[in-house]
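**Student:** Okay, handing you the structure first.
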Amino acid sequence: MPQELPKAYEPKEVEKAIYLKWGKSGFFNPDKLPGKRSKNFSISLPPPNATGILHIGHAVMLAIQDLLIRFERMRGKKTLWLPGTDHAAIATQNVVEQSLKAEGKTKNDLGREKFLERINEYVASKRNSIREQVVRLGSSCDWSRERFTLDAGLSNAVVTAFKTLYDDGLIYRGDRIVNWCPRCQSTLADDEVEYIEKKTPFFYFKYGPVVIGTARPETKFGDKVIIVHPDDKRYQNIVGKDFEVEWILGKIKARVIADPAADPAMGSGAMTITPGHSFVDFELAKKHNIEIEKIIDERGCLTEAAGEMKGWPVREARKRVVEILRAKGLIEKVDENYIHNLSVCYRCNTPVEPLVSKQWFLAVDQPTKQLNGKTLKTRALEVIDNKEIEFVPERFGKIYLHWMTNLHDWCISRQIWYGHRIPVWHRGKEIVVSGSNPKGEGWSQEIDTLDTWFSSSLWTFSTLGWPITKEIGFDASLVDLVKSGKKTKTFRLRDHDLSAGETCFTHDSKTKKKFGYLHIVRATKIRFDEIELHAVGHEPYKSRAELNTTFQKYYPDIAITSDTPVWLYEFVYQKKSDLELFHPTSVMETAYDIIFFWVARMIMMSTYLVKEIPFKTVYFHGLVRDKKGRKMSKSLGNGIDPLEMADKYGADAVRLSLIIGTSPGNDQKLDEQKIAGYRNYVNKVWNIGRFLAMQTKGKKLNQPKIKSLADKWIISQLQYFSQVITTIGLERYTFSPVGESVYEFTWHFFADWYLEIVKVEGNVALAKHIFGILLKLLHPYMPFVTEHLWSILKYDEGLLMIAPWPDSGKDFLGWKDDKKTREDIEMEFSELMKAVIDFRRQRKEAGTPAGQPCEVKLDAKSPLWQDQAIIEKLARVKLVKA
RNA sequence: GCGCGUAUAGCUCAGUUGGUUAGAGCGCCACAUUGACAUUGUGGAGGUCCCUGGUUCAAGUCCAGGUACGCGCACCA
């Protein structure tokens, strides 16, 4: 009831109900959208970590993606926004390890199996909370297709990807130097290492005939090779010679090798190498065939190479080594002000130890037939070079190309427990790649798991059912029934190894002709006597006996008893698979800080495995910082919680504040004031609706008609404006300027001018119609309040979320957007506006007290006399003829 | 070291391919309250567009050089 509409919009009351309404409609699911929808539009939601707290960065991502999805859905596309979560191996394992620590336990106390159970419980407990948080901001994603990187279908995709790459020789196992985090007890990829500047003493030691410098004396036990530059005159006489050198543990034999890697200008120009614990030295050692010795172990302690210091942690060992060398008089000098780039783990900030270890790698520089002789790297470079994939803003293309060009083989094995276990099985010297235990005795699986980004890199297609390899057949008599999509179950006596979320081909059993796909919704194992007679994908059976006969016909080799296991597959029939319909996805929207971790790897994997780019456009948003420009973090306590803000100001206001006033790829500063500002705007929109509701209450409205100058002005402005924001706005991802201009139009054109004139002229029907168009334009930005007003004002029975985007003549009442007419009207109307503004100023300058009429003069011949009523009302003056 | 970004009102930021007098929001000042909205309305103040030079009839915008801040990559004996 309009008269009961509150003066101020109450988002908290409204938003929950609106989301339920949307959910109930089913329109988040592209299969259930009305209309023909021949074009598809899809976005994979970058999966939040399973650890479950949504921060303001997620809110930006959700606001922008929902804006795009809602816009395209209203424009009549078949839109899919596929949500999910990432198991985030290290991050999640860390959280659970922390909580164990609080109980005084470690993961080893529990053992692998129990520990994984514990993680799974934790992740399951967070699942709903993530979903609720995503929902809270109004995200219109298709929950029926929600995925998790560890669920069966995606795990199958991981195995298939691994096997394909392995069989093609692109995945190999090797002893190589890797980044090792002694706390996580795992390897890290190159880009999982961060660098922090730290002041460290830098030592110069006498080492036989030369002086060497190092910041890490404790790694130097096994240095037996001196490298000098081949052109360095100082050392030419010693190149190739052996020396006996007094060193940490006594005398050792060292030899001198010439290599251009030594920089004559640096220090003494001579260096020793530590191939087991330095990337550069490792390469040099391989080149000169130098023995690689392990000095530091996986716990960050010294090995037997350190003699009696075996087992010492690195920090203590360093002091001791320096003492020893000092006592021997081998210290030349110490630079106390040396700034060292300390490498640390991106998940736990522990200093990383480079060490040599047997790991699995993905070769990025190896040509493969799958890519017509290109390498993963060259193909990944090509798609950006050719603009097959567009980056917004463009500059990230350069950053990407630079990174990709310098990419080394990717270490994909991790020594943590949570994640996809490497699908490699050993039996003696035999190796099999498989997701499950191969047939026969004595197989053991690799203990390591895969880098969490391995599964993330498959996300755009693994979530859409890739790989489709499995197949189910139906008797010819059932093909039409399956196609009709009416029945959703089938029973099988043989395991087709299908799990929920997977898609398989389906064919006519007799002709083997494929006729579409089954998207498996549920897969369960039951007993034969649990088969329901009626709710089946086959024709209903009249009796158990008939059921038995039928099954015996199809499975003559199986002796059926009541206990015979039966696989029950519940499915949705799809003429085209999700993969065909929605891949490549339309837009990848993400923060720029995961361009390498995720975006680059998706491109490599998708171009190789699916032979398709994973997305056509990548839109990068910036990071949200506090009002001082600092990164928001728990430790600083400067974070703004998007959900708390949504409770306080409404989700619409939060969304607006994250979208408007920002530009792609640039960081934004946010403070609560800004959100409060957009709350005011939402309230303004609400009150426009409230006004119209009051004006139209109980009245039978006429068809909206364009009568006055103001009517013409508002309709022609809006028509032009809506075209502009659609084609050179939202299609080009300029969300901020578009949002601002709709804001401007709604508040300062429509409310401040047009509605004030409507109060004089009374064309409420047109005002309401125009507001309907505005609600559509505003909907992707502020979905809740607009949907609510759409229903209060009863524009039609349907939901605003699927109302057609205003670009047709019908919306503008057949008004022809003729540039000349538009400009004429604008000119004429601006005369009126100018007059009003001028008279207001005159009134102000005259200092006329409120409530008293102020007489102003207007030329008797002025055409403005025809708008006398409007001018007198809006400027609160009395016109007199001059 | 290489590369990228940013610099416009007190604050946060817009400013398409160069084109009248450089815009918005917040904040500030003054006035206004029964008539949708004080989460409001009306009017106003506020700018050396980082610096230097160049191209041009015309530069916030294009070019060159520089300064400051931020970021990425590399180096790190």
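Letters A, B, ... mark the chains of the structure tokens in the order given; residue numbers begin at 1 per chain; ligand numbers begin at 1, in order shown.
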Would you kindly return, as a PDB file with N, CA and C atoms (P, O5', C5', C4', C3', O3' and C1' of nucleotides), in the first residue's frame, each protein, DNA or RNA residue with an atom no farther than 6 Å from any atom of range 671-684 of chain A, considering only C-alpha atoms (C1' of nucleotides) and excluding same-chain residues fewer than 4 positions away?
**Tutor:**
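Output saved as part-v7.pdb:
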ATOM      1  N   TYR A   9      14.105   4.370   2.620  1.00  0.00           N
ATOM      2  CA  TYR A   9      14.213   2.998   2.143  1.00  0.00           C
ATOM      3  C   TYR A   9      14.861   2.133   3.217  1.00  0.00           C
ATOM      4  N   LYS A 627      41.217   4.647   3.278  1.00  0.00           N
ATOM      5  CA  LYS A 627      41.209   6.026   2.797  1.00  0.00           C
ATOM      6  C   LYS A 627      42.595   6.654   2.802  1.00  0.00           C
ATOM      7  N   TYR A 649      24.012  -0.076   5.203  1.00  0.00           N
ATOM      8  CA  TYR A 649      23.589   0.860   4.160  1.00  0.00           C
ATOM      9  C   TYR A 649      22.833   0.199   3.002  1.00  0.00           C
ATOM     10  N   ALA A 653      23.873   0.108  -2.117  1.00  0.00           N
ATOM     11  CA  ALA A 653      24.813   1.209  -1.856  1.00  0.00           C
ATOM     12  C   ALA A 653      26.242   0.705  -1.873  1.00  0.00           C
ATOM     13  N   VAL A 654      26.469  -0.488  -1.329  1.00  0.00           N
ATOM     14  CA  VAL A 654      27.815  -1.056  -1.330  1.00  0.00           C
ATOM     15  C   VAL A 654      28.277  -1.279  -2.763  1.00  0.00           C
ATOM     16  N   SER A 657      29.112   1.980  -4.549  1.00  0.00           N
ATOM     17  CA  SER A 657      30.337   2.633  -4.077  1.00  0.00           C
ATOM     18  C   SER A 657      31.579   1.907  -4.580  1.00  0.00           C
TER      19      SER A 657
ATOM     20  P     U B  39      18.743  13.168   7.326  1.00  0.00           P
ATOM     21  O5'   U B  39      19.204  12.666   5.894  1.00  0.00           O
ATOM     22  C5'   U B  39      20.503  12.955   5.371  1.00  0.00           C
ATOM     23  C4'   U B  39      20.666  12.190   4.084  1.00  0.00           C
ATOM     24  C3'   U B  39      19.542  12.447   3.082  1.00  0.00           C
ATOM     25  O3'   U B  39      20.069  12.384   1.770  1.00  0.00           O
ATOM     26  C1'   U B  39      19.554  10.168   3.684  1.00  0.00           C
TER      27        U B  39
END
**Student:** Counting only C-alpha atoms (C1' of nucleotides), which residues from chain B have an atom at most 9 Å from any atom of chain A, and could you show them as JSON, numbers by chain?
**Tutor:** {"B": [3, 4, 5, 6, 12, 13, 14, 24, 25, 26, 31, 32, 36, 37, 39, 40, 41, 42, 43, 72, 73, 76, 77]}
**Student:** When DSSP works through the backbone of this structure, what residues of range 575-722 of chain A end up as alpha helix (DSSP H), shown as JSON, numbers by chain?
**Tutor:** {"A": [578, 579, 580, 581, 582, 601, 602, 603, 604, 605, 606, 607, 608, 609, 642, 643, 644, 645, 646, 647, 648, 649, 651, 652, 653, 654, 655, 656, 657, 658, 659, 672, 673, 674, 675, 676, 677, 678, 679, 680, 681, 682, 683, 684, 685, 686, 687, 688, 689, 690, 691, 692, 693, 694, 695, 696, 709, 710, 711, 712, 713, 714, 715, 716, 717, 718, 719, 720, 721, 722]}
**Student:** For G60 in chain B, work out the shell of residues within 9 Å, counting only C-alpha atoms (C1' of nucleotides) and skipping chain neighbours fewer than 5 positions away, then give it as a list in words.
**Tutor:**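 The contact residues come out as U8, G15, A22 and C49 of chain B.
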**Student:** What does the file look like for those residues with N, CA and C atoms (P, O5', C5', C4', C3', O3' and C1' of nucleotides), as a PDB file, in the first residue's frame?
**Tutor:**
ATOM      1  P     U B   8      46.446  15.439  -8.603  1.00  0.00           P
ATOM      2  O5'   U B   8      45.788  16.164  -9.844  1.00  0.00           O
ATOM      3  C5'   U B   8      46.244  17.443 -10.243  1.00  0.00           C
ATOM      4  C4'   U B   8      45.127  18.206 -10.888  1.00  0.00           C
ATOM      5  C3'   U B   8      43.851  18.298 -10.070  1.00  0.00           C
ATOM      6  O3'   U B   8      43.931  19.312  -9.076  1.00  0.00           O
ATOM      7  C1'   U B   8      43.290  17.657 -12.245  1.00  0.00           C
ATOM      8  P     G B  15      37.915   8.888 -17.507  1.00  0.00           P
ATOM      9  O5'   G B  15      37.281  10.085 -18.329  1.00  0.00           O
ATOM     10  C5'   G B  15      38.028  10.715 -19.315  1.00  0.00           C
ATOM     11  C4'   G B  15      37.437  12.062 -19.622  1.00  0.00           C
ATOM     12  C3'   G B  15      38.393  12.966 -20.379  1.00  0.00           C
ATOM     13  O3'   G B  15      38.309  12.731 -21.772  1.00  0.00           O
ATOM     14  C1'   G B  15      37.650  14.088 -18.458  1.00  0.00           C
ATOM     15  P     A B  22      37.499  26.939 -17.841  1.00  0.00           P
ATOM     16  O5'   A B  22      36.598  25.634 -17.676  1.00  0.00           O
ATOM     17  C5'   A B  22      36.331  24.759 -18.767  1.00  0.00           C
ATOM     18  C4'   A B  22      36.485  23.329 -18.323  1.00  0.00           C
ATOM     19  C3'   A B  22      35.846  23.030 -16.968  1.00  0.00           C
ATOM     20  O3'   A B  22      34.508  22.646 -17.167  1.00  0.00           O
ATOM     21  C1'   A B  22      38.051  22.143 -17.076  1.00  0.00           C
ATOM     22  P     C B  49      47.120  24.842 -14.453  1.00  0.00           P
ATOM     23  O5'   C B  49      46.800  23.550 -13.572  1.00  0.00           O
ATOM     24  C5'   C B  49      47.741  22.475 -13.492  1.00  0.00           C
ATOM     25  C4'   C B  49      47.004  21.182 -13.346  1.00  0.00           C
ATOM     26  C3'   C B  49      47.575  20.075 -14.213  1.00  0.00           C
ATOM     27  O3'   C B  49      47.591  18.884 -13.453  1.00  0.00           O
ATOM     28  C1'   C B  49      45.276  20.335 -14.668  1.00  0.00           C
TER      29        C B  49
END
**Student:** Using DSSP secondary structure from the backbone, list all strand (DSSP E) positions within range 433-519 of chain A, as a PyMOL selection string.
**Tutor:** chain A and resi 433+444-445+449-450+471-474+489-492+503-508+514-519
**Student:** Take the residues just selected and output them with N, CA, C and O atoms as a compact mmCIF listing (two decimals), in the first residue's frame.
**Tutor:**
# COMPACT_ATOMS: atom_id res chain seq x y z
N VAL A 433 49.34 -43.54 -15.14
CA VAL A 433 48.63 -42.33 -14.75
C VAL A 433 47.15 -42.64 -14.72
O VAL A 433 46.58 -43.03 -15.74
N SER A 444 51.36 -48.29 -5.78
CA SER A 444 51.31 -47.22 -4.77
C SER A 444 51.25 -45.87 -5.48
O SER A 444 51.90 -45.66 -6.51
N GLN A 445 50.45 -44.96 -4.91
CA GLN A 445 50.26 -43.66 -5.55
C GLN A 445 51.26 -42.64 -5.02
O GLN A 445 51.72 -42.73 -3.88
N THR A 449 50.66 -33.73 -3.70
CA THR A 449 49.45 -33.22 -4.33
C THR A 449 49.85 -32.20 -5.39
O THR A 449 51.02 -31.82 -5.49
N LEU A 450 48.86 -31.78 -6.16
CA LEU A 450 49.13 -30.79 -7.21
C LEU A 450 48.96 -29.37 -6.69
O LEU A 450 48.11 -29.11 -5.84
N GLU A 471 29.81 -42.07 -21.99
CA GLU A 471 28.66 -42.15 -22.87
C GLU A 471 27.63 -43.11 -22.28
O GLU A 471 27.97 -44.10 -21.67
N ILE A 472 26.39 -42.76 -22.47
CA ILE A 472 25.31 -43.65 -22.04
C ILE A 472 24.36 -43.82 -23.21
O ILE A 472 24.04 -42.84 -23.89
N GLY A 473 23.92 -45.04 -23.43
CA GLY A 473 23.00 -45.28 -24.53
C GLY A 473 21.58 -45.50 -24.04
O GLY A 473 21.36 -45.88 -22.90
N PHE A 474 20.62 -45.21 -24.92
CA PHE A 474 19.22 -45.49 -24.62
C PHE A 474 18.62 -46.28 -25.77
O PHE A 474 19.00 -46.10 -26.93
N LYS A 489 15.61 -39.60 -14.67
CA LYS A 489 16.40 -40.65 -14.01
C LYS A 489 16.62 -41.81 -14.95
O LYS A 489 15.79 -42.08 -15.81
N THR A 490 17.75 -42.49 -14.75
CA THR A 490 17.93 -43.75 -15.44
C THR A 490 18.69 -44.70 -14.51
O THR A 490 19.46 -44.27 -13.67
N PHE A 491 18.42 -45.98 -14.68
CA PHE A 491 19.05 -47.00 -13.83
C PHE A 491 19.95 -47.87 -14.67
O PHE A 491 19.59 -48.25 -15.77
N ARG A 492 21.13 -48.18 -14.14
CA ARG A 492 22.09 -48.99 -14.90
C ARG A 492 22.67 -50.08 -14.02
O ARG A 492 23.01 -49.83 -12.87
N THR A 503 29.10 -34.26 -17.36
CA THR A 503 28.25 -34.34 -18.54
C THR A 503 28.74 -35.51 -19.38
O THR A 503 29.94 -35.75 -19.47
N CYS A 504 27.82 -36.27 -19.95
CA CYS A 504 28.24 -37.36 -20.84
C CYS A 504 27.44 -37.31 -22.13
O CYS A 504 26.39 -36.69 -22.20
N PHE A 505 27.99 -37.96 -23.14
CA PHE A 505 27.24 -38.09 -24.39
C PHE A 505 26.12 -39.08 -24.18
O PHE A 505 26.19 -39.95 -23.33
N THR A 506 25.11 -38.97 -25.01
CA THR A 506 24.10 -40.02 -25.01
C THR A 506 23.82 -40.42 -26.45
O THR A 506 23.92 -39.61 -27.37
N HIS A 507 23.55 -41.70 -26.62
CA HIS A 507 23.34 -42.18 -27.99
C HIS A 507 22.20 -43.19 -28.05
O HIS A 507 21.75 -43.71 -27.03
N ASP A 508 21.77 -43.41 -29.24
CA ASP A 508 20.78 -44.44 -29.52
C ASP A 508 21.55 -45.77 -29.53
O ASP A 508 22.46 -45.96 -30.35
N LYS A 514 24.77 -40.34 -31.77
CA LYS A 514 24.69 -39.46 -30.60
C LYS A 514 23.54 -38.48 -30.78
O LYS A 514 23.33 -37.96 -31.88
N PHE A 515 22.83 -38.25 -29.72
CA PHE A 515 21.72 -37.29 -29.86
C PHE A 515 21.71 -36.24 -28.75
O PHE A 515 20.69 -35.66 -28.43
N GLY A 516 22.85 -36.00 -28.16
CA GLY A 516 22.88 -34.94 -27.16
C GLY A 516 23.67 -35.36 -25.93
O GLY A 516 24.53 -36.23 -25.99
N TYR A 517 23.36 -34.72 -24.82
CA TYR A 517 24.16 -34.89 -23.61
C TYR A 517 23.26 -35.09 -22.40
O TYR A 517 22.12 -34.62 -22.38
N LEU A 518 23.82 -35.75 -21.42
CA LEU A 518 23.15 -35.80 -20.12
C LEU A 518 24.03 -35.05 -19.14
O LEU A 518 25.22 -35.33 -19.03
N HIS A 519 23.45 -34.11 -18.48
CA HIS A 519 24.16 -33.42 -17.41
C HIS A 519 23.72 -34.09 -16.12
O HIS A 519 22.55 -34.05 -15.76
**Student:** Which residues are close to range 74-90 of chain A, i.e. within 7 Å by only C-alpha atoms (C1' of nucleotides), leaving aside same-chain residues fewer than 2 positions away? Reply as a PyMOL selection string.
**Tutor:** chain A and resi 29-30+37-45+47-50+69-72+92-94+141-143+145-150+418-419+452+801-805
**Student:** What is the distance, in Å and to one decimal place, between CA of Tyr172 in chain A and CA of Ala363 in chain A?
**Tutor:**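 Separation of CA of Tyr172 in chain A and CA of Ala363 in chain A: 7.5 Å.
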**Student:** Set the distance at 9 Å and use only C-alpha atoms (C1' of nucleotides): which residues neighbour G10 in chain B once local chain neighbours fewer than 6 positions away are removed? I'd like the list as a PyMOL selection string.
**Tutor:** chain B and resi 27-28+46
**Student:** Closest to Leu362 in chain A among A:Thr375, A:Thr564, A:Gln185, A:Thr51, using only C-alpha atoms?
**Tutor:**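 Closest candidate: A:Thr375.
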**Student:** Neighbouring residues of Lys387 in chain A were defined as those with any atom within 10 Å, considering only C-alpha atoms (C1' of nucleotides); residues of the same chain fewer than 4 positions away were excluded. Please report them as a ChimeraX atom specification.
**Tutor:** /A:382-383,391,397,616-617
**Student:** In Å to one decimal, how far is CA of Cys411 in chain A from CA of Lys374 in chain A?
**Tutor:**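 Between these atoms lies a distance of 20.5 Å.
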**Student:** Using only C-alpha atoms (C1' of nucleotides), determine which residues lie at most 12 Å from Ile248 in chain A, disregarding the query and same-chain residues fewer than 2 positions distant; provide the list as an MDAnalysis selection string.
**Tutor:** chainID A and resid 205:207 217:224 245:246 250:252 305:309 317:318 320:331
**Student:** Please dump the current selection as a short mmCIF file (atom, residue, chain, number, x, y, z; two decimals), in the first residue's frame; keep N, CA and C atoms.
**Tutor:**
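And here's out_12.cif as it stands now:
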data_model
loop_
_atom_site.label_atom_id
_atom_site.label_comp_id
_atom_site.auth_asym_id
_atom_site.auth_seq_id
_atom_site.Cartn_x
_atom_site.Cartn_y
_atom_site.Cartn_z
N PHE A 205 84.85 -13.15 2.55
CA PHE A 205 85.74 -14.15 3.12
C PHE A 205 86.94 -14.39 2.22
N LYS A 206 88.06 -14.68 2.89
CA LYS A 206 89.23 -15.13 2.12
C LYS A 206 89.01 -16.59 1.81
N TYR A 207 89.06 -16.88 0.54
CA TYR A 207 88.84 -18.25 0.11
C TYR A 207 89.98 -18.60 -0.83
N PRO A 217 76.54 -17.32 4.72
CA PRO A 217 77.72 -18.16 4.97
C PRO A 217 77.35 -19.61 5.28
N GLU A 218 76.17 -19.82 5.88
CA GLU A 218 75.84 -21.17 6.31
C GLU A 218 75.59 -22.13 5.15
N THR A 219 75.49 -21.59 3.93
CA THR A 219 75.28 -22.49 2.79
C THR A 219 76.60 -22.89 2.15
N LYS A 220 77.69 -22.36 2.70
CA LYS A 220 78.95 -22.41 1.96
C LYS A 220 79.83 -23.63 2.25
N PHE A 221 79.33 -24.55 3.05
CA PHE A 221 80.16 -25.70 3.42
C PHE A 221 80.70 -26.43 2.19
N GLY A 222 79.85 -26.55 1.20
CA GLY A 222 80.23 -27.41 0.08
C GLY A 222 80.75 -26.66 -1.13
N ASP A 223 81.06 -25.37 -0.96
CA ASP A 223 81.56 -24.61 -2.11
C ASP A 223 82.96 -25.07 -2.47
N LYS A 224 83.08 -25.69 -3.64
CA LYS A 224 84.39 -26.21 -4.01
C LYS A 224 84.84 -25.67 -5.35
N VAL A 245 92.32 -25.21 0.11
CA VAL A 245 91.81 -24.00 0.74
C VAL A 245 91.45 -24.29 2.19
N GLU A 246 91.82 -23.37 3.06
CA GLU A 246 91.40 -23.50 4.46
C GLU A 246 89.95 -22.99 4.53
N GLY A 250 87.82 -27.17 7.79
CA GLY A 250 89.20 -27.58 7.57
C GLY A 250 89.60 -27.39 6.12
N LYS A 251 90.60 -28.11 5.71
CA LYS A 251 91.10 -27.90 4.36
C LYS A 251 90.22 -28.64 3.35
N ILE A 252 89.92 -27.93 2.24
CA ILE A 252 89.20 -28.59 1.15
C ILE A 252 89.90 -28.28 -0.15
N ALA A 305 76.57 -32.57 5.65
CA ALA A 305 77.64 -31.81 4.99
C ALA A 305 78.24 -30.77 5.95
N ALA A 306 77.48 -30.43 6.99
CA ALA A 306 77.94 -29.42 7.94
C ALA A 306 78.69 -30.04 9.11
N GLY A 307 79.01 -31.33 9.00
CA GLY A 307 79.77 -31.99 10.05
C GLY A 307 79.03 -31.96 11.37
N GLU A 308 79.70 -31.48 12.41
CA GLU A 308 79.07 -31.50 13.72
C GLU A 308 77.91 -30.52 13.85
N MET A 309 77.79 -29.62 12.86
CA MET A 309 76.66 -28.68 12.90
C MET A 309 75.40 -29.29 12.29
N ALA A 317 73.27 -21.56 12.70
CA ALA A 317 74.42 -22.04 11.93
C ALA A 317 75.19 -20.86 11.33
N ARG A 318 74.42 -19.85 10.88
CA ARG A 318 75.08 -18.70 10.26
C ARG A 318 76.05 -18.05 11.24
N ARG A 320 77.47 -19.32 13.87
CA ARG A 320 78.56 -20.22 14.20
C ARG A 320 79.62 -20.24 13.08
N VAL A 321 79.13 -20.29 11.83
CA VAL A 321 80.05 -20.33 10.70
C VAL A 321 80.89 -19.05 10.68
N VAL A 322 80.24 -17.93 10.94
CA VAL A 322 80.97 -16.66 10.95
C VAL A 322 82.03 -16.67 12.06
N GLU A 323 81.65 -17.18 13.24
CA GLU A 323 82.62 -17.28 14.35
C GLU A 323 83.84 -18.11 13.95
N ILE A 324 83.53 -19.25 13.35
CA ILE A 324 84.62 -20.15 12.96
C ILE A 324 85.57 -19.46 11.99
N LEU A 325 84.97 -18.81 10.98
CA LEU A 325 85.81 -18.19 9.96
C LEU A 325 86.57 -16.99 10.53
N ARG A 326 85.93 -16.32 11.49
CA ARG A 326 86.62 -15.20 12.12
C ARG A 326 87.83 -15.70 12.90
N ALA A 327 87.61 -16.77 13.64
CA ALA A 327 88.68 -17.36 14.43
C ALA A 327 89.85 -17.77 13.54
N LYS A 328 89.53 -18.20 12.33
CA LYS A 328 90.58 -18.61 11.41
C LYS A 328 91.20 -17.43 10.68
N GLY A 329 90.67 -16.23 10.98
CA GLY A 329 91.21 -15.04 10.33
C GLY A 329 90.84 -14.95 8.86
N LEU A 330 89.73 -15.55 8.48
CA LEU A 330 89.37 -15.57 7.06
C LEU A 330 88.37 -14.48 6.68
N ILE A 331 87.98 -13.62 7.65
CA ILE A 331 87.04 -12.56 7.29
C ILE A 331 87.81 -11.34 6.81
#
**Student:** Take CA of Ala545 in chain A and CA of Arg522 in chain A and report the distance between them in Å, one decimal.
**Tutor:**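 For CA of Ala545 in chain A relative to CA of Arg522 in chain A, the distance reads 26.7 Å.
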**Student:** Counting only C-alpha atoms, which of A:Ile603, A:Leu478, A:Ala102, A:Val392 gets nearest to Phe461 in chain A?
**Tutor:**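 Smallest separation from Phe461 in chain A among the options: A:Ile603.
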